[in-house]
file final_21.cif (mmCIF, C-alpha atoms and all ligand atoms)
data_target
#
loop_
_atom_site.label_atom_id
_atom_site.label_comp_id
_atom_site.auth_asym_id
_atom_site.auth_seq_id
_atom_site.Cartn_x
_atom_site.Cartn_y
_atom_site.Cartn_z
CA MET A 30 -36.84 -29.94 -60.79
CA ASN A 31 -34.84 -32.59 -58.98
CA ARG A 32 -32.04 -30.43 -57.65
CA MET A 33 -31.88 -28.16 -54.66
CA PRO A 34 -32.50 -24.44 -55.28
CA LEU A 35 -29.50 -22.62 -56.74
CA THR A 36 -29.54 -20.27 -53.77
CA ASP A 37 -28.76 -23.09 -51.36
CA ALA A 38 -25.10 -22.86 -50.31
CA GLN A 39 -24.93 -26.66 -50.71
CA THR A 40 -25.37 -26.23 -54.47
CA THR A 41 -22.08 -27.06 -56.12
CA VAL A 42 -20.81 -24.85 -58.91
CA ALA A 43 -18.38 -25.44 -61.78
CA VAL A 44 -16.58 -22.59 -63.50
CA VAL A 45 -15.20 -23.47 -66.92
CA GLY A 46 -12.39 -21.15 -68.01
CA ALA A 47 -10.00 -19.93 -65.31
CA GLY A 48 -8.91 -16.70 -66.99
CA ALA A 49 -9.57 -13.14 -65.85
CA MET A 50 -13.33 -13.63 -65.55
CA GLY A 51 -13.57 -17.29 -64.57
CA SER A 52 -11.16 -17.02 -61.65
CA GLY A 53 -12.98 -13.93 -60.37
CA ILE A 54 -16.37 -15.65 -60.67
CA ALA A 55 -15.00 -18.72 -58.85
CA GLN A 56 -13.83 -16.45 -56.04
CA VAL A 57 -17.27 -14.84 -55.74
CA ALA A 58 -19.07 -18.20 -55.70
CA ALA A 59 -16.65 -19.71 -53.16
CA ALA A 60 -16.92 -16.60 -50.96
CA ALA A 61 -20.69 -17.16 -50.94
CA GLY A 62 -20.11 -20.67 -49.52
CA HIS A 63 -20.36 -22.88 -52.60
CA GLU A 64 -17.97 -25.66 -53.50
CA VAL A 65 -16.53 -24.58 -56.87
CA HIS A 66 -14.91 -26.88 -59.40
CA LEU A 67 -12.51 -24.86 -61.51
CA VAL A 68 -11.77 -26.07 -65.04
CA ASP A 69 -9.50 -24.81 -67.82
CA ALA A 70 -8.38 -26.51 -71.04
CA ALA A 71 -4.83 -25.19 -70.70
CA GLU A 72 -2.86 -27.71 -68.65
CA GLY A 73 -2.30 -26.52 -65.09
CA ALA A 74 -4.19 -23.26 -65.67
CA ALA A 75 -6.96 -23.97 -63.14
CA ALA A 76 -4.43 -24.85 -60.43
CA ALA A 77 -2.36 -21.77 -61.33
CA ALA A 78 -5.47 -19.58 -61.09
CA ARG A 79 -6.15 -20.92 -57.61
CA GLU A 80 -2.54 -20.19 -56.60
CA LYS A 81 -2.84 -16.65 -57.92
CA LEU A 82 -6.07 -16.20 -56.01
CA ALA A 83 -4.32 -17.41 -52.82
CA THR A 84 -1.76 -14.62 -53.26
CA THR A 85 -4.47 -12.00 -53.88
CA LEU A 86 -6.49 -13.11 -50.87
CA THR A 87 -3.42 -13.15 -48.62
CA ARG A 88 -2.81 -9.54 -49.61
CA LEU A 89 -6.39 -8.74 -48.60
CA VAL A 90 -5.80 -10.47 -45.25
CA GLU A 91 -2.67 -8.33 -44.74
CA LYS A 92 -4.69 -5.21 -45.48
CA GLY A 93 -7.32 -6.31 -42.96
CA LYS A 94 -10.05 -6.63 -45.59
CA LEU A 95 -10.51 -10.37 -45.10
CA THR A 96 -9.80 -12.71 -42.19
CA ALA A 97 -7.37 -15.60 -42.56
CA GLU A 98 -10.29 -17.99 -41.91
CA GLU A 99 -12.31 -16.44 -44.73
CA ARG A 100 -9.34 -16.76 -47.09
CA ASP A 101 -8.78 -20.39 -46.13
CA GLY A 102 -12.48 -21.15 -46.52
CA ILE A 103 -12.61 -19.65 -50.02
CA LEU A 104 -9.50 -21.55 -51.12
CA GLN A 105 -10.68 -24.83 -49.61
CA ARG A 106 -13.94 -24.58 -51.48
CA ILE A 107 -12.20 -24.11 -54.85
CA VAL A 108 -11.63 -27.66 -56.03
CA ILE A 109 -9.00 -28.65 -58.57
CA GLY A 110 -10.51 -32.02 -59.42
CA PRO A 111 -10.22 -34.62 -62.20
CA ALA A 112 -11.90 -32.27 -64.72
CA ALA A 113 -9.60 -29.34 -63.88
CA ASP A 114 -7.60 -29.66 -67.07
CA GLY A 115 -10.63 -29.46 -69.29
CA ASP A 116 -12.22 -32.92 -69.60
CA LEU A 117 -15.80 -32.02 -68.73
CA ARG A 118 -16.89 -35.65 -68.80
CA GLU A 119 -14.92 -35.99 -65.54
CA LEU A 120 -16.88 -33.25 -63.80
CA PRO A 121 -19.00 -34.52 -60.89
CA PRO A 122 -22.71 -33.62 -60.91
CA VAL A 123 -23.08 -29.93 -60.05
CA GLY A 124 -26.08 -27.60 -59.69
CA LEU A 125 -24.70 -24.74 -61.77
CA VAL A 126 -22.00 -24.35 -64.41
CA ILE A 127 -20.71 -20.93 -65.39
CA GLU A 128 -18.71 -20.96 -68.60
CA ALA A 129 -16.09 -18.21 -69.10
CA VAL A 130 -13.83 -19.48 -71.89
CA VAL A 131 -12.68 -17.71 -75.07
CA GLU A 132 -15.31 -15.68 -76.90
CA ASN A 133 -15.90 -18.21 -79.67
CA LEU A 134 -19.29 -19.69 -80.47
CA GLY A 135 -17.95 -23.05 -81.69
CA VAL A 136 -15.85 -23.57 -78.55
CA LYS A 137 -18.69 -22.53 -76.25
CA HIS A 138 -21.26 -24.65 -78.07
CA ASP A 139 -19.04 -27.74 -77.80
CA ILE A 140 -18.65 -27.15 -74.06
CA PHE A 141 -22.41 -26.78 -73.58
CA ASP A 142 -23.03 -29.87 -75.67
CA THR A 143 -20.76 -31.97 -73.44
CA LEU A 144 -22.22 -30.46 -70.28
CA ALA A 145 -25.80 -30.99 -71.46
CA ASP A 146 -25.05 -34.66 -72.09
CA HIS A 147 -23.03 -35.36 -68.94
CA GLN A 148 -24.84 -33.28 -66.34
CA ASP A 149 -28.35 -33.82 -65.04
CA GLU A 150 -31.14 -32.13 -67.05
CA SER A 151 -31.78 -29.85 -64.12
CA THR A 152 -28.19 -28.51 -63.92
CA VAL A 153 -28.29 -24.84 -64.83
CA LEU A 154 -25.83 -23.99 -67.61
CA ALA A 155 -24.78 -20.35 -67.77
CA THR A 156 -22.46 -18.47 -70.11
CA ASN A 157 -20.53 -15.32 -69.29
CA THR A 158 -20.35 -14.32 -72.96
CA SER A 159 -20.21 -10.57 -73.62
CA SER A 160 -21.21 -10.57 -77.24
CA LEU A 161 -22.47 -13.93 -78.49
CA ASP A 162 -26.15 -14.76 -78.80
CA VAL A 163 -27.05 -17.01 -75.87
CA ASN A 164 -29.82 -18.50 -78.05
CA ALA A 165 -27.12 -19.78 -80.41
CA ILE A 166 -25.17 -21.31 -77.51
CA ALA A 167 -28.36 -23.04 -76.32
CA ALA A 168 -29.37 -24.24 -79.80
CA ASN A 169 -29.93 -27.99 -80.22
CA LEU A 170 -28.97 -28.88 -76.66
CA ARG A 171 -30.69 -31.37 -74.41
CA ALA A 172 -33.01 -29.43 -72.06
CA PRO A 173 -32.25 -25.92 -73.39
CA GLU A 174 -34.61 -24.34 -70.83
CA ARG A 175 -31.79 -24.48 -68.23
CA VAL A 176 -29.43 -22.35 -70.36
CA ILE A 177 -29.04 -18.66 -69.44
CA GLY A 178 -26.45 -15.91 -69.59
CA LEU A 179 -24.79 -14.62 -66.44
CA HIS A 180 -22.82 -11.64 -67.68
CA PHE A 181 -20.43 -10.49 -64.97
CA PHE A 182 -18.34 -7.34 -65.30
CA ASN A 183 -14.61 -7.07 -64.87
CA PRO A 184 -13.35 -7.62 -62.19
CA PRO A 185 -16.16 -9.89 -60.92
CA PRO A 186 -15.35 -9.60 -57.21
CA LEU A 187 -15.63 -5.80 -57.34
CA MET A 188 -18.27 -5.07 -59.96
CA LYS A 189 -21.81 -5.27 -58.58
CA LEU A 190 -23.69 -5.66 -61.82
CA VAL A 191 -24.66 -8.99 -63.39
CA GLU A 192 -26.83 -9.10 -66.51
CA VAL A 193 -29.00 -12.22 -66.28
CA VAL A 194 -29.74 -13.08 -69.90
CA ARG A 195 -32.79 -15.03 -70.94
CA THR A 196 -33.02 -16.94 -74.17
CA THR A 197 -36.32 -17.57 -75.95
CA GLN A 198 -36.36 -20.96 -74.17
CA SER A 199 -35.01 -20.16 -70.68
CA SER A 200 -37.31 -21.35 -67.91
CA GLY A 201 -38.91 -18.67 -65.75
CA ASP A 202 -38.02 -20.64 -62.61
CA VAL A 203 -34.36 -20.87 -63.57
CA LEU A 204 -34.24 -17.12 -64.26
CA THR A 205 -35.91 -16.26 -60.97
CA GLU A 206 -33.51 -18.50 -59.06
CA ALA A 207 -30.52 -17.05 -60.92
CA MET A 208 -31.60 -13.51 -59.99
CA GLU A 209 -31.93 -14.57 -56.35
CA LEU A 210 -28.58 -16.33 -56.45
CA MET A 211 -26.82 -13.24 -57.80
CA SER A 212 -28.33 -11.15 -54.99
CA ARG A 213 -27.12 -13.75 -52.53
CA TRP A 214 -23.64 -13.40 -53.99
CA GLY A 215 -23.81 -9.67 -53.21
CA LYS A 216 -24.47 -8.65 -56.79
CA THR A 217 -27.16 -6.45 -58.31
CA PRO A 218 -28.78 -8.50 -61.07
CA VAL A 219 -30.75 -7.07 -63.96
CA MET A 220 -32.59 -9.13 -66.54
CA CYS A 221 -32.53 -8.80 -70.31
CA THR A 222 -33.01 -10.77 -73.48
CA SER A 223 -30.07 -11.95 -75.55
CA THR A 224 -30.11 -8.70 -77.52
CA PRO A 225 -26.75 -7.73 -79.13
CA GLY A 226 -24.55 -6.19 -76.40
CA PHE A 227 -27.24 -6.97 -73.78
CA ILE A 228 -28.03 -3.75 -71.89
CA VAL A 229 -24.72 -2.09 -71.05
CA ASN A 230 -22.67 -2.78 -74.16
CA ARG A 231 -25.61 -1.75 -76.34
CA VAL A 232 -26.83 1.43 -74.67
CA ALA A 233 -23.27 2.72 -74.09
CA ARG A 234 -22.29 2.76 -77.78
CA PRO A 235 -23.13 6.45 -78.41
CA PHE A 236 -21.04 7.56 -75.44
CA TYR A 237 -17.99 6.60 -77.51
CA GLY A 238 -19.33 7.11 -81.02
CA GLU A 239 -20.65 10.66 -80.66
CA ALA A 240 -17.43 11.98 -79.17
CA GLN A 241 -15.33 10.18 -81.78
CA ARG A 242 -17.40 11.71 -84.57
CA MET A 243 -16.96 15.16 -83.08
CA VAL A 244 -13.18 14.73 -83.11
CA GLN A 245 -13.33 13.38 -86.66
CA ASP A 246 -15.39 16.41 -87.73
CA GLY A 247 -12.91 18.78 -86.08
CA VAL A 248 -15.32 20.15 -83.46
CA ALA A 249 -12.81 19.74 -80.62
CA ASP A 250 -9.89 17.60 -79.51
CA PRO A 251 -10.24 14.52 -77.26
CA ALA A 252 -9.05 16.20 -74.04
CA THR A 253 -11.55 19.04 -74.50
CA LEU A 254 -14.46 16.67 -75.12
CA ASP A 255 -13.44 14.50 -72.16
CA LEU A 256 -13.48 17.59 -69.94
CA ALA A 257 -16.90 18.66 -71.23
CA LEU A 258 -18.42 15.25 -70.52
CA ARG A 259 -16.83 15.02 -67.07
CA GLU A 260 -17.60 18.53 -65.88
CA HIS A 261 -20.95 19.12 -67.56
CA GLY A 262 -22.23 15.58 -68.07
CA GLY A 263 -21.21 14.20 -64.68
CA PHE A 264 -19.41 11.22 -66.24
CA ARG A 265 -16.56 9.89 -64.13
CA MET A 266 -14.29 9.57 -67.19
CA GLY A 267 -14.52 11.00 -70.69
CA PRO A 268 -14.89 8.63 -73.66
CA PHE A 269 -11.30 9.07 -74.88
CA GLU A 270 -9.49 8.48 -71.59
CA LEU A 271 -11.89 5.61 -70.88
CA THR A 272 -11.35 3.82 -74.20
CA ASP A 273 -7.57 4.32 -73.84
CA LEU A 274 -7.93 2.47 -70.53
CA ILE A 275 -10.21 -0.30 -71.90
CA GLY A 276 -8.12 -0.69 -75.06
CA GLN A 277 -9.20 0.75 -78.43
CA ASP A 278 -9.12 -2.74 -79.96
CA VAL A 279 -11.43 -4.12 -77.26
CA ASN A 280 -13.83 -1.18 -77.50
CA LEU A 281 -13.88 -1.30 -81.31
CA ALA A 282 -14.51 -5.08 -81.26
CA VAL A 283 -17.53 -4.67 -78.99
CA GLY A 284 -18.92 -1.86 -81.15
CA THR A 285 -18.33 -3.77 -84.37
CA SER A 286 -20.00 -6.87 -82.92
CA VAL A 287 -23.14 -4.92 -81.98
CA TRP A 288 -23.18 -3.22 -85.39
CA LEU A 289 -22.88 -6.53 -87.30
CA GLN A 290 -25.45 -8.28 -85.11
CA THR A 291 -27.95 -5.48 -85.74
CA ASP A 292 -27.58 -5.85 -89.53
CA ARG A 293 -25.28 -2.83 -89.67
CA ASP A 294 -27.67 -0.46 -87.95
CA PRO A 295 -26.18 3.04 -88.55
CA ARG A 296 -26.70 3.78 -84.85
CA TYR A 297 -23.74 1.56 -84.05
CA GLU A 298 -21.51 2.02 -87.08
CA PRO A 299 -17.88 2.14 -85.91
CA VAL A 300 -16.12 5.45 -86.47
CA ASP A 301 -13.23 5.61 -88.96
CA ALA A 302 -11.09 7.65 -86.58
CA GLN A 303 -11.13 4.77 -84.08
CA ARG A 304 -10.55 2.15 -86.77
CA ARG A 305 -7.47 4.06 -87.92
CA LEU A 306 -6.20 4.22 -84.36
CA VAL A 307 -6.48 0.44 -84.01
CA GLU A 308 -4.88 -0.18 -87.42
CA ALA A 309 -1.94 1.97 -86.32
CA GLY A 310 -1.55 -0.08 -83.14
CA ARG A 311 -2.50 2.88 -80.98
CA LEU A 312 -4.51 0.78 -78.56
CA GLY A 313 -4.36 3.04 -75.52
CA ARG A 314 -2.46 2.81 -72.26
CA LYS A 315 -1.33 -0.74 -72.90
CA THR A 316 0.69 0.33 -75.96
CA GLY A 317 1.75 3.70 -74.56
CA HIS A 318 -0.42 5.63 -76.98
CA GLY A 319 -4.02 5.78 -78.08
CA TRP A 320 -6.02 8.99 -78.29
CA PHE A 321 -3.37 10.32 -75.93
CA GLU A 322 0.35 9.69 -75.45
CA TYR A 323 1.35 8.08 -72.15
CA ALA A 324 4.59 8.61 -70.26
CA ASP A 325 6.25 5.65 -68.53
CA GLY A 326 4.36 6.32 -65.31
CA GLY A 327 1.07 5.95 -67.18
CA GLN A 328 0.13 9.66 -67.16
CA ALA A 329 -1.22 11.16 -70.40
CA VAL A 330 1.30 13.78 -71.50
CA ASP A 331 -0.73 15.66 -74.09
CA ALA A 332 -4.22 15.77 -72.57
CA THR A 333 -4.59 19.52 -72.08
CA PRO A 334 -8.18 20.59 -72.61
CA ASP A 335 -9.24 23.90 -74.11
CA GLU A 336 -11.52 25.22 -71.37
CA GLY A 337 -12.72 28.15 -73.48
CA ARG A 338 -13.83 25.74 -76.19
CA VAL A 339 -15.78 23.71 -73.61
CA ARG A 340 -17.67 26.89 -72.62
CA GLU A 341 -18.39 27.63 -76.29
CA LEU A 342 -19.73 24.18 -77.03
CA VAL A 343 -21.77 23.21 -73.96
CA GLY A 344 -25.23 24.77 -74.08
CA GLY A 345 -24.78 25.73 -77.75
CA PRO A 346 -26.39 24.04 -80.78
CA VAL A 347 -26.85 20.30 -80.15
CA GLU A 348 -24.76 19.38 -83.21
CA THR A 349 -21.64 20.67 -81.45
CA ASP A 350 -22.69 20.26 -77.80
CA PRO A 351 -20.96 17.05 -76.68
CA VAL A 352 -23.07 16.68 -73.55
CA ALA A 353 -26.54 17.23 -75.03
CA ARG A 354 -25.68 15.20 -78.11
CA THR A 355 -24.39 12.23 -76.11
CA ILE A 356 -27.19 12.22 -73.57
CA ALA A 357 -29.92 12.53 -76.23
CA ARG A 358 -28.58 9.42 -77.87
CA LEU A 359 -28.18 7.50 -74.61
CA VAL A 360 -31.81 8.28 -73.79
CA ASN A 361 -32.91 7.15 -77.25
CA GLU A 362 -31.01 3.86 -76.88
CA GLY A 363 -32.37 3.21 -73.40
CA VAL A 364 -36.03 3.79 -74.21
CA ASP A 365 -35.74 1.85 -77.46
CA LEU A 366 -34.39 -1.21 -75.62
CA VAL A 367 -37.39 -1.10 -73.29
CA ARG A 368 -39.81 -0.55 -76.19
CA ARG A 369 -38.50 -3.69 -77.88
CA GLY A 370 -39.18 -5.64 -74.69
CA GLU A 371 -35.52 -6.45 -74.00
CA ALA A 372 -35.40 -5.12 -70.41
CA SER A 373 -37.32 -2.94 -67.96
CA ALA A 374 -36.68 0.81 -67.64
CA GLU A 375 -35.56 0.31 -64.06
CA ASP A 376 -33.06 -2.39 -65.05
CA VAL A 377 -31.68 -0.28 -67.90
CA ASP A 378 -30.99 2.59 -65.50
CA THR A 379 -29.47 0.30 -62.87
CA ALA A 380 -27.30 -1.42 -65.47
CA MET A 381 -25.91 1.83 -66.87
CA MET A 382 -25.13 3.29 -63.46
CA LEU A 383 -23.44 0.13 -62.14
CA GLY A 384 -21.94 -1.27 -65.35
CA THR A 385 -20.51 1.97 -66.76
CA ASN A 386 -20.56 4.27 -63.76
CA TYR A 387 -22.87 6.79 -65.44
CA PRO A 388 -24.18 9.42 -63.04
CA LYS A 389 -27.77 8.73 -64.11
CA GLY A 390 -29.72 6.21 -66.12
CA PRO A 391 -31.29 7.08 -69.50
CA HIS A 392 -34.79 7.23 -68.04
CA GLN A 393 -33.68 9.57 -65.27
CA TRP A 394 -32.16 11.89 -67.86
CA LEU A 395 -35.35 11.68 -69.91
CA ALA A 396 -37.47 12.64 -66.89
CA GLU A 397 -35.24 15.67 -66.28
CA ILE A 398 -34.83 16.85 -69.86
CA GLY A 399 -38.28 15.94 -71.18
CA ALA A 400 -39.20 13.94 -74.27
CA ALA A 401 -39.97 17.08 -76.32
CA THR A 402 -36.43 18.43 -75.93
CA VAL A 403 -34.75 15.07 -76.59
CA VAL A 404 -36.84 14.57 -79.74
CA GLU A 405 -36.05 18.09 -80.91
CA GLN A 406 -32.32 17.44 -80.39
CA LEU A 407 -32.41 14.11 -82.23
CA ARG A 408 -34.33 15.64 -85.13
CA ALA A 409 -31.78 18.46 -85.40
CA LEU A 410 -28.99 15.86 -85.43
CA ASP A 411 -30.85 13.80 -88.03
CA THR A 412 -31.13 16.86 -90.26
CA ALA A 413 -27.45 17.68 -89.85
CA PHE A 414 -26.29 14.05 -90.23
CA PRO A 415 -28.96 12.11 -92.13
CA GLY A 416 -28.86 8.34 -92.61
CA GLY A 417 -30.65 6.85 -89.62
CA ARG A 418 -28.15 7.20 -86.81
CA TYR A 419 -30.34 9.74 -85.03
CA ARG A 420 -33.74 8.27 -85.85
CA VAL A 421 -36.10 8.86 -82.97
CA SER A 422 -37.38 5.87 -81.04
CA PRO A 423 -41.16 5.53 -81.30
CA ALA A 424 -41.04 5.27 -77.50
CA LEU A 425 -40.07 8.96 -77.39
CA GLU A 426 -42.49 10.04 -80.09
CA ASP A 427 -45.29 8.38 -78.12
CA GLN A 428 -44.56 10.71 -75.23
CA LEU A 429 -45.03 13.93 -77.26
N1 LIG B 1 -12.52 -9.64 -69.84
C1 LIG B 1 -13.65 -8.98 -69.67
O1 LIG B 1 -13.66 -7.77 -69.38
C2 LIG B 1 -14.97 -9.69 -69.80
C3 LIG B 1 -16.11 -9.15 -69.19
C4 LIG B 1 -17.33 -9.84 -69.27
C5 LIG B 1 -17.38 -11.03 -69.96
N2 LIG B 1 -16.27 -11.54 -70.56
C6 LIG B 1 -16.38 -12.83 -71.27
O2 LIG B 1 -15.86 -13.85 -70.42
C7 LIG B 1 -15.28 -14.88 -71.21
C8 LIG B 1 -13.84 -15.10 -70.75
O3 LIG B 1 -13.14 -13.89 -70.87
P1 LIG B 1 -11.74 -13.66 -70.12
O4 LIG B 1 -11.42 -12.23 -70.28
O5 LIG B 1 -11.77 -14.27 -68.78
O6 LIG B 1 -10.77 -14.53 -71.05
P2 LIG B 1 -9.34 -15.14 -70.70
O7 LIG B 1 -8.64 -15.26 -72.02
O8 LIG B 1 -8.69 -14.41 -69.59
O9 LIG B 1 -9.66 -16.62 -70.17
C9 LIG B 1 -10.24 -17.61 -70.96
C10 LIG B 1 -9.77 -18.97 -70.41
O10 LIG B 1 -10.52 -19.99 -71.06
C11 LIG B 1 -9.66 -21.09 -71.26
N3 LIG B 1 -10.21 -21.94 -72.30
C12 LIG B 1 -10.21 -21.75 -73.64
N4 LIG B 1 -10.86 -22.76 -74.26
C13 LIG B 1 -11.31 -23.60 -73.29
C14 LIG B 1 -12.04 -24.80 -73.28
N5 LIG B 1 -12.45 -25.38 -74.42
N6 LIG B 1 -12.34 -25.40 -72.09
C15 LIG B 1 -11.90 -24.84 -70.94
N7 LIG B 1 -11.20 -23.70 -70.88
C16 LIG B 1 -10.89 -23.09 -72.05
C17 LIG B 1 -8.32 -20.47 -71.60
O11 LIG B 1 -7.25 -21.37 -71.36
C18 LIG B 1 -8.31 -19.25 -70.67
O12 LIG B 1 -7.66 -19.56 -69.44
C19 LIG B 1 -15.46 -14.46 -72.66
O13 LIG B 1 -16.64 -15.04 -73.15
C20 LIG B 1 -15.61 -12.95 -72.56
O14 LIG B 1 -16.35 -12.42 -73.64
C21 LIG B 1 -15.06 -10.91 -70.48
#
call {"tool": "encode", "arguments": {"input": "final_21.cif", "output": "structure tokens", "more": "lines below"}}
Ligand SMILES: NC(=O)c1ccc[n+]([C@@H]2O[C@H](COP(=O)([O-])OP(=O)(O)OC[C@H]3O[C@@H](n4cnc5c(N)ncnc54)[C@H](O)[C@@H]3O)[C@@H](O)[C@H]2O)c1
result
Amino acid sequence: MNRMPLTDAQTTVAVVGAGAMGSGIAQVAAAAGHEVHLVDAAEGAAAAAREKLATTLTRLVEKGKLTAEERDGILQRIVIGPAADGDLRELPPVGLVIEAVVENLGVKHDIFDTLADHQDESTVLATNTSSLDVNAIAANLRAPERVIGLHFFNPPPLMKLVEVVRTTQSSGDVLTEAMELMSRWGKTPVMCTSTPGFIVNRVARPFYGEAQRMVQDGVADPATLDLALREHGGFRMGPFELTDLIGQDVNLAVGTSVWLQTDRDPRYEPVDAQRRLVEAGRLGRKTGHGWFEYADGGQAVDATPDEGRVRELVGGPVETDPVARTIARLVNEGVDLVRRGEASAEDVDTAMMLGTNYPKGPHQWLAEIGAATVVEQLRALDTAFPGGRYRVSPALEDQL
């Protein structure tokens, strides 16, 4: 390795893509003391992102959350250089590149190809992809061992979690340094393989899918299920209000991507009720209606839960208990990820609590509920709804 350690503040960083994620990542890196070269293919976009950041940071100064010196330091370290408008051949030698452009394999692969050829072999090349296989981005590049995923969550300055993604070729030293760097940036890194959806977007699928199926089957309405999961599951938001906030199109796209990348594993099969919502343009808050209808002020106008129904369902048979049914599946997903060697149990729990705000991680729930009960619940669900969605992870069966 002929570069300084990534954790050294003298390491220069380039962020390619100055959209929602890239500009936030640039802010985080600059706040940690690095010089950051911001790049975006759209003319003037990198400079505009820096201007927007200046406004945001000035607001933070006014609120007393940042000093004027800190703001000036961050802005000075964000460089709009000769490569700013997208010509990566113009980028000076840097220690780390974080790519955050459109979610398109061809576009990302081209960018990595250019970077691999024009940067030193020791320059670490990271992608912020949410759903593409980092192995495919690293394929056929010069020195692929320096390619990793650094999956930040939105918005990067506020969200603590970063999934550090290792490909089959990533160097152990690069991964260790990347984990240390993320800690230095004030983040909580977890490590995983390039498994579809990584940790968070994979394990979280049943949180949405189970509730959607229960609505589709007429068990209860969205507001009632949201209440059950908030009050009895300890979730900060229910799956319907949350997906209305995220956008039904965005949530469906993530789910569909995981389903397709797992050869249509029935565990992740998208639910027709959500597909119909998206087809009808009911995307959530951003369109004024999704599972709920939103008034101009953004409040849901028809989200009245049936509290009696919540009492009937919770603690009843697992098939119609939204809390037990959801948690059994989250546990099954979490332990299965660990069994396949994709991540450690500790990292899965950390990722779910920080990335999705769950009150507990899957392994904590398992320790409280016990493998025997979770297996019994999954088997009952498998009997009621056969086809593989509720198949029990061997990791749970091993604990019986
Ligand atoms: N938005 C999220 O919540 C989120 C969370 C985690 C990860 N991600 C991932 O981060 C990446 C960026 O997402 P985003 O939401 O910031 O997108 P965005 O649309 O806000 O920004 C993407 C930017 O990339 C630029 N761009 C496109 N092609 C380029 C190229 N060839 N070279 C340089 N710049 C180019 C665009 O002009 C745009 O400014 C995606 O891979 C996405 O999957 C997004």
call {"tool": "closest_atom_pairs", "arguments": {"input": "final_21.cif", "of": "chain A", "to": "ligand LIG 1 (chain B)", "cutoff": "7 Å", "atoms": "only C-alpha atoms and all ligand atoms", "output": "JSON lines"}}
result
{"residue": "A:Val45", "atom": "CA", "partner": "B:LIG1", "partner_atom": "C15", "distance": 5.4}
{"residue": "A:Gly46", "atom": "CA", "partner": "B:LIG1", "partner_atom": "O10", "distance": 3.8}
{"residue": "A:Ala47", "atom": "CA", "partner": "B:LIG1", "partner_atom": "O12", "distance": 4.8}
{"residue": "A:Gly48", "atom": "CA", "partner": "B:LIG1", "partner_atom": "O9", "distance": 3.3}
{"residue": "A:Ala49", "atom": "CA", "partner": "B:LIG1", "partner_atom": "O5", "distance": 3.8}
{"residue": "A:Met50", "atom": "CA", "partner": "B:LIG1", "partner_atom": "O5", "distance": 3.6}
{"residue": "A:Gly51", "atom": "CA", "partner": "B:LIG1", "partner_atom": "O5", "distance": 5.5}
{"residue": "A:Val68", "atom": "CA", "partner": "B:LIG1", "partner_atom": "C15", "distance": 6.0}
{"residue": "A:Asp69", "atom": "CA", "partner": "B:LIG1", "partner_atom": "N7", "distance": 3.7}
{"residue": "A:Ala70", "atom": "CA", "partner": "B:LIG1", "partner_atom": "C15", "distance": 3.9}
{"residue": "A:Ala71", "atom": "CA", "partner": "B:LIG1", "partner_atom": "O11", "distance": 4.6}
{"residue": "A:Ala74", "atom": "CA", "partner": "B:LIG1", "partner_atom": "O12", "distance": 6.3}
{"residue": "A:Gly115", "atom": "CA", "partner": "B:LIG1", "partner_atom": "C15", "distance": 5.1}
{"residue": "A:Ala129", "atom": "CA", "partner": "B:LIG1", "partner_atom": "C7", "distance": 4.0}
{"residue": "A:Val130", "atom": "CA", "partner": "B:LIG1", "partner_atom": "O10", "distance": 3.5}
{"residue": "A:Val131", "atom": "CA", "partner": "B:LIG1", "partner_atom": "C9", "distance": 4.8}
{"residue": "A:Glu132", "atom": "CA", "partner": "B:LIG1", "partner_atom": "O13", "distance": 4.0}
{"residue": "A:Val136", "atom": "CA", "partner": "B:LIG1", "partner_atom": "N5", "distance": 5.6}
{"residue": "A:Ile140", "atom": "CA", "partner": "B:LIG1", "partner_atom": "N5", "distance": 6.5}
{"residue": "A:Asn157", "atom": "CA", "partner": "B:LIG1", "partner_atom": "O2", "distance": 5.0}
{"residue": "A:Thr158", "atom": "CA", "partner": "B:LIG1", "partner_atom": "O13", "distance": 3.8}
{"residue": "A:Ser159", "atom": "CA", "partner": "B:LIG1", "partner_atom": "O14", "distance": 4.3}
{"residue": "A:Ser160", "atom": "CA", "partner": "B:LIG1", "partner_atom": "O14", "distance": 6.3}
{"residue": "A:His180", "atom": "CA", "partner": "B:LIG1", "partner_atom": "C5", "distance": 5.9}
{"residue": "A:Phe181", "atom": "CA", "partner": "B:LIG1", "partner_atom": "C4", "distance": 5.3}
{"residue": "A:Phe182", "atom": "CA", "partner": "B:LIG1", "partner_atom": "C4", "distance": 4.8}
{"residue": "A:Asn183", "atom": "CA", "partner": "B:LIG1", "partner_atom": "O1", "distance": 4.7}
call {"tool": "closest_residue", "arguments": {"input": "final_21.cif", "among": "A:Ser223, A:Arg231, A:Lys81, A:Ala165", "to": "Asp294 of chain A", "atoms": "only C-alpha atoms"}}
result
A:Arg231
call {"tool": "residues_around", "arguments": {"input": "final_21.cif", "residues": "Val65 of chain A", "least_positions_apart": "3", "cutoff": "12 Å", "atoms": "only C-alpha atoms", "output": "VMD selection string"}}
result
chain A and resid 38 to 45 47 51 to 62 68 75 79 102 to 110 112 to 113 120 to 127
call {"tool": "atom_distance", "arguments": {"input": "final_21.cif", "atom1": "atom CA of Thr316 of chain A", "atom2": "atom CA of Gly247 of chain A"}}
result
25.1 Å
call {"tool": "closest_residue", "arguments": {"input": "final_21.cif", "among": "A:Lys189, A:Arg311, A:His147, A:Lys216", "to": "Met382 of chain A", "atoms": "only C-alpha atoms"}}
result
A:Lys189
call {"tool": "residues_near_point", "arguments": {"input": "final_21.cif", "point": "(-5.0, 1.1, -76.9)", "cutoff": "10 Å", "atoms": "only C-alpha atoms", "output": "number ranges by chain"}}
result
A: 272-280, 306-307, 309-321
